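Heads up, data_16.txt below (compact mmCIF, C-alpha atoms and all ligand atoms):
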# COMPACT_ATOMS: atom_id res chain seq x y z
CA MET A 589 -70.11 -11.95 61.22
CA SER A 590 -69.15 -9.51 58.51
CA ARG A 591 -67.24 -6.31 58.88
CA ALA A 592 -68.37 -3.48 56.64
CA PHE A 593 -66.09 -0.76 55.31
CA ASN A 594 -66.50 2.06 57.82
CA PHE A 595 -65.65 5.57 56.60
CA SER A 596 -66.30 7.27 59.95
CA ALA A 597 -64.18 10.35 60.72
CA GLY A 598 -63.81 9.26 64.34
CA PRO A 599 -64.06 7.13 66.31
CA ALA A 600 -62.88 5.40 63.18
CA ASN A 601 -62.27 1.89 61.96
CA LEU A 602 -59.48 -0.14 63.53
CA PRO A 603 -57.42 -2.81 61.78
CA THR A 604 -59.30 -6.13 61.94
CA PRO A 605 -56.20 -8.12 63.02
CA VAL A 606 -55.85 -5.76 66.00
CA LEU A 607 -59.45 -6.32 67.06
CA GLU A 608 -58.98 -10.07 66.66
CA GLN A 609 -55.96 -9.94 68.94
CA VAL A 610 -57.90 -7.91 71.51
CA LYS A 611 -60.59 -10.56 71.39
CA ALA A 612 -58.14 -13.42 71.80
CA GLU A 613 -56.45 -11.74 74.78
CA LEU A 614 -59.56 -10.24 76.32
CA LEU A 615 -60.18 -12.60 79.24
CA ASP A 616 -56.61 -13.59 79.97
CA TRP A 617 -53.81 -11.32 78.86
CA HIS A 618 -50.63 -13.38 78.30
CA GLY A 619 -51.38 -15.86 81.07
CA SER A 620 -51.89 -13.14 83.68
CA GLY A 621 -55.41 -14.42 84.43
CA MET A 622 -56.75 -10.89 83.91
CA SER A 623 -58.09 -8.67 81.20
CA VAL A 624 -56.01 -5.55 80.50
CA MET A 625 -59.07 -3.61 81.71
CA GLU A 626 -58.74 -5.19 85.15
CA MET A 627 -55.03 -4.68 85.75
CA SER A 628 -53.38 -2.19 88.03
CA HIS A 629 -51.79 0.48 85.89
CA ARG A 630 -48.79 0.24 88.23
CA GLY A 631 -48.42 -3.54 88.01
CA LYS A 632 -45.63 -5.17 86.01
CA GLU A 633 -48.02 -6.47 83.33
CA PHE A 634 -49.40 -3.08 82.40
CA LYS A 635 -45.99 -1.49 82.77
CA SER A 636 -44.69 -3.80 80.05
CA ILE A 637 -47.67 -2.98 77.80
CA ALA A 638 -47.16 0.76 78.31
CA GLU A 639 -43.41 0.67 77.70
CA GLN A 640 -43.73 -1.49 74.60
CA ALA A 641 -46.33 0.86 73.11
CA GLU A 642 -44.11 3.89 73.66
CA SER A 643 -41.08 2.14 72.27
CA ASP A 644 -42.94 1.04 69.11
CA LEU A 645 -44.32 4.57 68.60
CA ARG A 646 -40.81 5.97 68.99
CA ASP A 647 -39.54 3.50 66.37
CA LEU A 648 -42.33 4.28 63.92
CA LEU A 649 -41.91 8.06 64.10
CA ASN A 650 -38.18 7.98 64.81
CA ILE A 651 -38.77 10.26 67.81
CA PRO A 652 -35.53 11.87 69.06
CA SER A 653 -34.55 11.11 72.67
CA THR A 654 -34.92 14.81 73.55
CA TYR A 655 -38.70 14.39 73.18
CA LYS A 656 -41.11 12.94 75.74
CA VAL A 657 -44.15 10.92 74.73
CA LEU A 658 -47.24 11.29 76.92
CA PHE A 659 -50.36 9.13 77.02
CA LEU A 660 -53.11 11.43 78.33
CA GLN A 661 -56.86 11.86 78.51
CA GLY A 662 -59.02 14.85 77.67
CA GLY A 663 -58.86 14.55 73.89
CA ALA A 664 -57.27 16.93 71.44
CA SER A 665 -59.76 19.49 72.76
CA CYS A 666 -58.01 19.57 76.13
CA GLN A 667 -54.75 20.25 74.29
CA PHE A 668 -56.32 23.40 72.85
CA ALA A 669 -55.98 24.76 76.43
CA MET A 670 -52.83 22.93 77.55
CA VAL A 671 -50.78 24.28 74.65
CA PRO A 672 -51.16 27.99 75.54
CA ILE A 673 -51.10 27.31 79.29
CA ASN A 674 -47.73 25.59 78.96
CA LEU A 675 -46.08 27.08 75.90
CA LEU A 676 -46.71 30.83 76.23
CA ARG A 677 -44.03 30.70 78.96
CA GLY A 678 -44.31 34.28 80.16
CA ASN A 679 -45.04 35.59 76.68
CA ASN A 680 -48.52 36.84 75.78
CA GLU A 681 -48.61 36.23 72.03
CA ALA A 682 -48.97 33.24 69.74
CA ASP A 683 -49.52 32.67 66.02
CA TYR A 684 -52.28 30.34 64.84
CA PHE A 685 -53.01 29.27 61.25
CA ASN A 686 -56.75 29.36 60.69
CA THR A 687 -57.39 26.67 58.10
CA GLY A 688 -60.64 25.04 59.21
CA GLN A 689 -63.03 24.18 61.97
CA TRP A 690 -60.48 22.54 64.26
CA SER A 691 -58.10 25.48 63.89
CA LYS A 692 -60.94 27.77 64.92
CA LYS A 693 -61.58 25.81 68.08
CA ALA A 694 -57.89 25.85 69.01
CA ILE A 695 -57.80 29.62 68.38
CA ALA A 696 -60.89 30.31 70.49
CA GLU A 697 -59.37 28.44 73.42
CA ALA A 698 -55.93 30.07 73.07
CA ARG A 699 -57.55 33.53 73.13
CA LYS A 700 -58.48 32.90 76.76
CA TYR A 701 -54.79 32.89 77.66
CA GLY A 702 -53.09 35.33 75.32
CA GLU A 703 -53.19 37.36 72.14
CA VAL A 704 -53.59 35.32 69.01
CA ASN A 705 -52.47 36.54 65.60
CA LEU A 706 -53.54 34.73 62.40
CA PRO A 707 -50.68 34.77 59.87
CA VAL A 708 -52.71 32.40 57.68
CA ASN A 709 -56.47 32.75 57.45
CA SER A 710 -58.40 30.60 54.99
CA GLU A 711 -61.79 31.80 56.16
CA SER A 712 -62.20 33.95 53.01
CA ASN A 713 -61.85 30.93 50.68
CA ASN A 714 -64.10 28.83 52.88
CA PHE A 715 -61.17 26.67 53.99
CA THR A 716 -60.36 25.28 50.57
CA ASN A 717 -56.86 26.72 50.20
CA VAL A 718 -53.86 28.21 52.02
CA SER A 719 -52.16 31.48 51.04
CA GLU A 720 -48.62 31.32 49.65
CA SER A 721 -45.95 31.38 52.35
CA LYS A 722 -44.59 34.73 51.15
CA HIS A 723 -47.88 36.27 52.34
CA TRP A 724 -47.71 34.78 55.82
CA THR A 725 -47.49 37.54 58.43
CA LEU A 726 -45.64 35.73 61.21
CA ASN A 727 -45.39 37.71 64.44
CA PRO A 728 -41.73 37.94 65.56
CA ASN A 729 -42.89 38.08 69.18
CA ALA A 730 -45.07 34.97 69.06
CA ALA A 731 -44.13 32.29 71.59
CA TYR A 732 -45.05 29.57 69.09
CA VAL A 733 -46.90 28.88 65.84
CA HIS A 734 -49.84 26.47 65.96
CA TYR A 735 -51.40 24.80 62.94
CA THR A 736 -53.67 21.90 62.07
CA PRO A 737 -51.86 19.74 59.50
CA ASN A 738 -55.08 18.00 58.54
CA GLU A 739 -58.49 19.59 58.89
CA THR A 740 -60.71 16.58 59.43
CA ILE A 741 -63.97 18.35 58.57
CA ASN A 742 -62.83 20.53 55.67
CA GLY A 743 -60.50 17.96 54.10
CA LEU A 744 -57.58 20.38 53.84
CA GLU A 745 -54.11 19.02 54.55
CA PHE A 746 -50.60 20.46 54.54
CA LEU A 747 -48.61 17.91 52.54
CA THR A 748 -45.33 19.51 53.64
CA ILE A 749 -44.28 21.12 56.93
CA PRO A 750 -44.82 24.90 56.84
CA ASP A 751 -41.63 26.93 57.12
CA VAL A 752 -41.89 29.15 60.20
CA GLY A 753 -38.17 29.87 60.54
CA ASP A 754 -36.89 29.32 64.05
CA LYS A 755 -40.33 29.57 65.66
CA ILE A 756 -41.57 26.73 67.84
CA LEU A 757 -44.04 24.78 65.71
CA VAL A 758 -47.02 23.11 67.38
CA ALA A 759 -49.35 20.76 65.50
CA ASP A 760 -52.75 19.20 66.09
CA MET A 761 -52.14 15.95 64.23
CA SER A 762 -55.29 14.18 65.40
CA SER A 763 -56.36 13.01 61.96
CA THR A 764 -53.03 12.61 60.18
CA ILE A 765 -50.43 11.30 62.64
CA LEU A 766 -48.92 7.98 61.47
CA SER A 767 -50.35 8.41 57.96
CA ARG A 768 -46.82 8.81 56.51
CA PRO A 769 -43.27 9.46 57.77
CA LEU A 770 -42.84 12.58 59.89
CA ASP A 771 -39.80 14.63 60.92
CA VAL A 772 -40.62 15.11 64.61
CA SER A 773 -37.53 17.26 65.12
CA LYS A 774 -39.21 20.10 63.19
CA TYR A 775 -41.78 20.45 65.99
CA GLY A 776 -41.86 21.73 69.53
CA LEU A 777 -45.03 19.80 70.28
CA ILE A 778 -47.35 17.41 68.48
CA TYR A 779 -50.67 16.21 69.84
CA ALA A 780 -53.35 13.85 68.61
CA GLY A 781 -56.57 12.38 69.89
CA ALA A 782 -56.33 8.64 69.34
CA GLN A 783 -59.72 7.88 67.83
CA LYS A 784 -58.83 8.72 64.22
CA ASN A 785 -55.58 7.05 63.30
CA ILE A 786 -54.18 5.58 66.53
CA GLY A 787 -56.72 3.54 68.48
CA PRO A 788 -59.89 3.83 70.54
CA ALA A 789 -61.22 7.09 71.97
CA GLY A 790 -60.13 8.14 75.44
CA LEU A 791 -56.41 8.46 74.74
CA THR A 792 -54.50 11.54 73.61
CA ILE A 793 -50.88 11.35 72.59
CA VAL A 794 -48.52 14.29 73.13
CA ILE A 795 -44.96 14.39 71.82
CA ILE A 796 -43.12 17.30 73.39
CA ARG A 797 -39.56 18.60 73.25
CA GLU A 798 -38.61 18.22 76.87
CA ASP A 799 -37.05 21.66 77.33
CA LEU A 800 -40.43 23.27 76.55
CA ALA A 801 -42.34 21.51 79.31
CA ASP A 802 -41.27 23.56 82.27
CA GLY A 803 -43.18 26.81 81.94
CA ALA A 804 -46.83 26.20 82.78
CA MET A 805 -48.72 29.29 83.97
CA PRO A 806 -48.93 29.46 87.76
CA ASN A 807 -52.15 28.48 89.53
CA MET A 808 -53.34 26.23 86.71
CA PRO A 809 -54.60 22.75 87.56
CA SER A 810 -51.59 20.46 87.92
CA MET A 811 -53.28 17.99 85.54
CA LEU A 812 -52.92 20.63 82.82
CA SER A 813 -49.16 20.85 83.22
CA TYR A 814 -47.03 18.75 80.88
CA LYS A 815 -44.41 18.56 83.63
CA THR A 816 -46.86 16.68 85.87
CA HIS A 817 -47.28 13.98 83.23
CA ILE A 818 -43.60 13.82 82.28
CA ASP A 819 -42.55 13.41 85.90
CA SER A 820 -45.06 10.61 86.47
CA GLY A 821 -44.60 8.75 83.19
CA SER A 822 -48.22 9.62 82.28
CA MET A 823 -49.34 7.92 85.49
CA SER A 824 -50.06 10.90 87.70
CA ASN A 825 -53.54 9.39 87.87
CA THR A 826 -55.06 6.31 86.27
CA PRO A 827 -54.35 6.46 82.53
CA PRO A 828 -56.75 5.08 79.87
CA THR A 829 -55.22 1.63 80.10
CA LEU A 830 -57.34 -0.22 77.55
CA ALA A 831 -56.92 2.48 74.90
CA TRP A 832 -53.16 2.60 75.57
CA TYR A 833 -52.93 -1.18 75.10
CA ILE A 834 -54.94 -1.16 71.87
CA ALA A 835 -52.90 1.78 70.54
CA GLY A 836 -49.84 -0.38 71.21
CA LEU A 837 -51.32 -3.19 69.11
CA VAL A 838 -51.95 -0.70 66.30
CA PHE A 839 -48.29 0.39 66.47
CA LYS A 840 -47.20 -3.26 66.17
CA TRP A 841 -49.59 -3.72 63.24
CA LEU A 842 -48.06 -0.68 61.52
CA LYS A 843 -44.55 -2.02 62.05
CA GLU A 844 -45.56 -5.41 60.65
CA PHE A 845 -47.16 -3.67 57.68
CA GLY A 846 -43.75 -2.22 56.87
CA GLY A 847 -43.72 1.13 58.66
CA LEU A 848 -44.84 4.62 57.77
CA ALA A 849 -43.11 4.98 54.41
CA LYS A 850 -45.04 2.00 53.10
CA MET A 851 -48.26 3.11 54.79
CA GLY A 852 -47.77 6.59 53.33
CA GLU A 853 -47.51 5.15 49.82
CA ARG A 854 -50.71 3.19 50.32
CA ASN A 855 -52.51 6.24 51.73
CA GLN A 856 -51.42 8.33 48.77
CA ARG A 857 -52.66 5.68 46.32
CA LYS A 858 -56.01 5.44 48.09
CA ALA A 859 -56.54 9.21 48.12
CA LYS A 860 -55.40 9.70 44.53
CA LYS A 861 -57.83 7.09 43.31
CA LEU A 862 -60.79 8.58 45.15
CA TYR A 863 -60.04 12.15 44.04
CA ALA A 864 -59.64 10.93 40.45
CA ALA A 865 -63.08 9.30 40.63
CA ILE A 866 -64.57 12.55 41.97
CA ASP A 867 -62.80 14.77 39.44
CA GLN A 868 -63.68 12.57 36.46
CA SER A 869 -67.35 12.77 37.31
CA GLU A 870 -69.79 15.59 36.69
CA PHE A 871 -71.87 14.26 39.54
CA TYR A 872 -69.35 14.57 42.42
CA ASN A 873 -67.33 17.55 43.55
CA ASN A 874 -64.54 18.29 46.03
CA PRO A 875 -63.77 22.01 46.45
CA VAL A 876 -60.27 21.86 47.98
CA ASP A 877 -57.23 23.12 46.04
CA PRO A 878 -55.44 19.99 44.76
CA ALA A 879 -52.20 21.09 46.47
CA TYR A 880 -53.96 20.90 49.86
CA ARG A 881 -56.24 17.93 49.46
CA SER A 882 -56.29 15.62 52.45
CA TRP A 883 -55.13 12.03 52.15
CA MET A 884 -57.28 11.10 55.14
CA ASN A 885 -60.65 12.89 54.97
CA ILE A 886 -62.28 13.47 51.61
CA PRO A 887 -65.43 15.58 51.69
CA PHE A 888 -67.53 15.67 48.54
CA THR A 889 -70.91 16.88 47.35
CA LEU A 890 -73.42 15.48 44.89
CA SER A 891 -74.60 17.69 42.04
CA ASN A 892 -78.06 17.25 43.55
CA SER A 893 -77.89 17.47 47.35
CA ASP A 894 -81.44 16.09 47.61
CA LEU A 895 -79.82 12.74 46.92
CA ASP A 896 -77.43 12.86 49.93
CA LYS A 897 -79.73 10.75 52.09
CA SER A 898 -80.37 8.09 49.49
CA PHE A 899 -76.65 7.96 48.68
CA GLN A 900 -75.94 7.15 52.32
CA ALA A 901 -78.79 4.68 52.64
CA GLU A 902 -77.81 2.77 49.50
CA ALA A 903 -74.14 2.85 50.46
CA LYS A 904 -75.03 1.32 53.79
CA VAL A 905 -76.83 -1.55 52.09
CA ALA A 906 -73.67 -2.04 50.01
CA GLY A 907 -71.59 -2.34 53.21
CA LEU A 908 -70.15 1.20 53.08
CA LEU A 909 -70.84 2.96 56.37
CA THR A 910 -70.76 6.47 57.84
CA LEU A 911 -70.39 8.54 54.69
CA GLY A 912 -72.32 11.59 55.92
CA GLY A 913 -70.49 14.91 56.01
CA HIS A 914 -69.88 16.64 59.33
CA ARG A 915 -73.13 17.88 60.87
CA THR A 916 -71.99 21.51 60.43
CA VAL A 917 -71.18 21.29 56.71
CA GLY A 918 -73.44 18.56 55.34
CA GLY A 919 -72.64 16.80 52.08
CA LEU A 920 -70.65 13.59 52.24
CA ARG A 921 -67.24 12.61 53.53
CA ALA A 922 -65.10 9.51 53.27
CA SER A 923 -62.45 9.14 55.96
CA ILE A 924 -59.80 6.72 54.76
CA TYR A 925 -57.33 6.37 57.63
CA ASN A 926 -54.58 3.75 57.84
CA ALA A 927 -57.00 0.97 58.76
CA MET A 928 -59.07 1.41 55.58
CA PRO A 929 -57.82 -1.16 53.06
CA GLU A 930 -57.47 -0.35 49.37
CA GLU A 931 -60.39 -2.69 48.63
CA GLY A 932 -62.60 -0.45 50.78
CA VAL A 933 -61.74 2.60 48.70
CA GLN A 934 -62.27 0.63 45.49
CA ALA A 935 -65.66 -0.58 46.73
CA LEU A 936 -66.64 3.02 47.45
CA ILE A 937 -65.52 4.17 44.00
CA ASP A 938 -67.47 1.34 42.32
CA PHE A 939 -70.54 2.28 44.31
CA MET A 940 -70.14 5.99 43.46
CA ASN A 941 -69.82 5.27 39.75
CA ASP A 942 -72.86 3.06 39.81
CA PHE A 943 -74.91 5.56 41.82
CA ALA A 944 -73.98 8.42 39.44
CA LYS A 945 -74.93 6.30 36.45
CA ARG A 946 -78.35 5.59 37.89
CA LYS A 947 -79.12 9.01 39.39
CA GLY A 948 -76.89 11.50 37.57
C1 LIG A 1001 -61.31 15.02 66.16
C2 LIG A 1001 -60.40 16.18 66.19
C3 LIG A 1001 -60.27 16.99 67.33
C4 LIG A 1001 -61.09 16.76 68.57
O1 LIG A 1001 -60.65 15.65 69.23
P1 LIG A 1001 -61.26 15.21 70.65
O2 LIG A 1001 -60.36 14.07 70.99
O3 LIG A 1001 -62.69 14.83 70.42
O4 LIG A 1001 -61.12 16.36 71.57
C5 LIG A 1001 -59.37 18.03 67.30
N1 LIG A 1001 -58.63 18.29 66.21
C6 LIG A 1001 -58.72 17.53 65.09
C7 LIG A 1001 -57.87 17.86 63.92
C8 LIG A 1001 -59.61 16.46 65.05
O5 LIG A 1001 -59.71 15.71 63.95

Taking this structure as input, can you express it in the form of structure tokens?
Ligand SMILES: *Cc1c(COP(=O)(O)O)cnc(C)c1O
Amino acid sequence: MSRAFNFSAGPANLPTPVLEQVKAELLDWHGSGMSVMEMSHRGKEFKSIAEQAESDLRDLLNIPSTYKVLFLQGGASCQFAMVPINLLRGNNEADYFNTGQWSKKAIAEARKYGEVNLPVNSESNNFTNVSESKHWTLNPNAAYVHYTPNETINGLEFLTIPDVGDKILVADMSSTILSRPLDVSKYGLIYAGAQKNIGPAGLTIVIIREDLADGAMPNMPSMLSYKTHIDSGSMSNTPPTLAWYIAGLVFKWLKEFGGLAKMGERNQRKAKKLYAAIDQSEFYNNPVDPAYRSWMNIPFTLSNSDLDKSFQAEAKVAGLLTLGGHRTVGGLRASIYNAMPEEGVQALIDFMNDFAKRKG
């Protein structure tokens, strides 16, 4: 068996030691005689798995006790609706930063529930930059400000937390959570689909300041109310038990690695190296303003786009998988989440240099 370097944007690669542990425990979890997949979510075995995962996530992100952590289904896409349904709280207006394709989806969903103002709109620069904060037109009446810290498709990332004064800040962190230390206390709510940087698909993590969870619009499905999930410990119905368990193993792996400060340094090194290789070459290009370049998802183009397919085919032979750009934008993209080792990025750079030499 050989594991290739997988640059998929999501579902993405998982740390090999985590998958090995899953394999070792698959048929008989800790002497229980059962696989985690076969356990009651209300039994003592799964309860211990669930509590340990939450406690390790709280440690990693230093989550204040005034915040609840929820383990939900429905993906980040379901949060696009749950956020306005719960956080408008009698108000009709919200601010959304429009910085890429995921922002746009969140905005379209929020517009079903209220008026959305766009204090930041990067549409005009094709999502390669963000206007200076002095030009942001924040709406004083907005119930909250939503942004997408890392645009997975466009490769645009906020490397610092935007200053929105005393407004409640909400973030779709699907593709950047756990990539570096984070000050959770700056946020009202954080959500993330698991399949990028947390674990397998099927799990969505929500971190919510508890005092914000009480105001869901009336007559909405109770499954779309944060209160429902807080009151039931994310067990109002059957949670995604296997994904929750594997996410817990990833949290342990991150702690053993040395935590988020150390992981953040490694992620920065990986990204820096790859951008340097792109910038030093005439053959490759990344259009994003260097101040907003993502550490996690690095889209790039070849000077001759006719070569995109052969680039991917040859990369695959070299053990470098899933380098195609998103189907809506084309080109190429390397997603280098926590689980991608530095050797994987180096192997990609070596391949890119060689390919450019032969075809450039
Ligand atoms: C992948 C992704 C989503 C969509 O996640 P689903 O879990 O498929 O709903 C939303 N936002 C961002 C930033 C993403 O990367």

Would you list the contacts of Ala597 in chain A as an NGL selection string, taking every protein, DNA or RNA residue within 10 Å and counting all atoms listed in the file, but skipping same-chain residues closer than 3 positions in sequence? :A and (594 or 600-601 or 740-741 or 763 or 783-785 or 884-886 or 910-914 or 921-925)

Enter the distance from CA of Ile834 in chain A to CA of Ser810 in chain A, in Å, rounded to one decimal. 27.1 Å

Check which residues of chain A sit at most 6 Å from ligand LIG 1001 (chain A) using only C-alpha atoms and all ligand atoms, and return one row each with the closest pair of atoms and their distance in Å to one decimal, ordered by chain and rising number, as CSV.
residue,atom,partner,partner_atom,distance
A:Gly663,CA,A:LIG1001,O2,3.3
A:Ala664,CA,A:LIG1001,O4,3.9
A:Ser665,CA,A:LIG1001,O4,3.6
A:Trp690,CA,A:LIG1001,N1,5.0
A:Glu739,CA,A:LIG1001,C7,5.4
A:Thr740,CA,A:LIG1001,O5,4.7
A:Asp760,CA,A:LIG1001,C7,5.7
A:Ser762,CA,A:LIG1001,C7,4.7
A:Ser763,CA,A:LIG1001,O5,4.7
A:Gly781,CA,A:LIG1001,O2,4.3

Ile749 in chain A surroundings by all atoms listed in the file, 9 Å radius, close-in-sequence under 4 positions cut, as a short mmCIF file (atom, residue, chain, number, x, y, z; two decimals) with C-alpha atoms, keeping the file's coordinate frame:
data_model
loop_
_atom_site.label_atom_id
_atom_site.label_comp_id
_atom_site.auth_asym_id
_atom_site.auth_seq_id
_atom_site.Cartn_x
_atom_site.Cartn_y
_atom_site.Cartn_z
CA PRO A 737 -51.86 19.74 59.50
CA ASP A 771 -39.80 14.63 60.92
CA LYS A 774 -39.21 20.10 63.19
#

For Gly919 in chain A, which residue among A:Asn742, A:Thr716, A:Leu602, A:Lys858 is the nearest when counting all atoms listed in the file?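 Between A:Asn742, A:Thr716, A:Leu602, A:Lys858, the residue approaching Gly919 in chain A most closely is A:Asn742.
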
Could you please determine the separation between CA of Leu890 in chain A and CA of Gly688 in chain A in Å, to one decimal place? 21.4 Å

Work out how far CA of Val933 in chain A is from CA of Lys840 in chain A, in Å to one decimal.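 Atom-to-atom, CA of Lys840 in chain A to CA of Val933 in chain A, that is 23.5 Å.
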
Using only C-alpha atoms, what table do you get, as CSV, when you list each residue of range 810-836 of chain A with an atom no more than 6 Å from range 792-804 of chain A, its nearest pair of atoms, and their distance in Å rounded to one decimal, rows by chain then rising number?
residue,atom,partner,partner_atom,distance
A:Ser813,CA,A:Ala804,CA,5.9
A:Tyr814,CA,A:Ala801,CA,5.7
A:Lys815,CA,A:Ala801,CA,5.6

Pick out the closest residue to Asn686 in chain A from this set: A:Leu660, A:Glu608, A:Asn738, A:His817. Count all atoms listed in the file.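 Under the stated criterion, the closest residue is A:Asn738.
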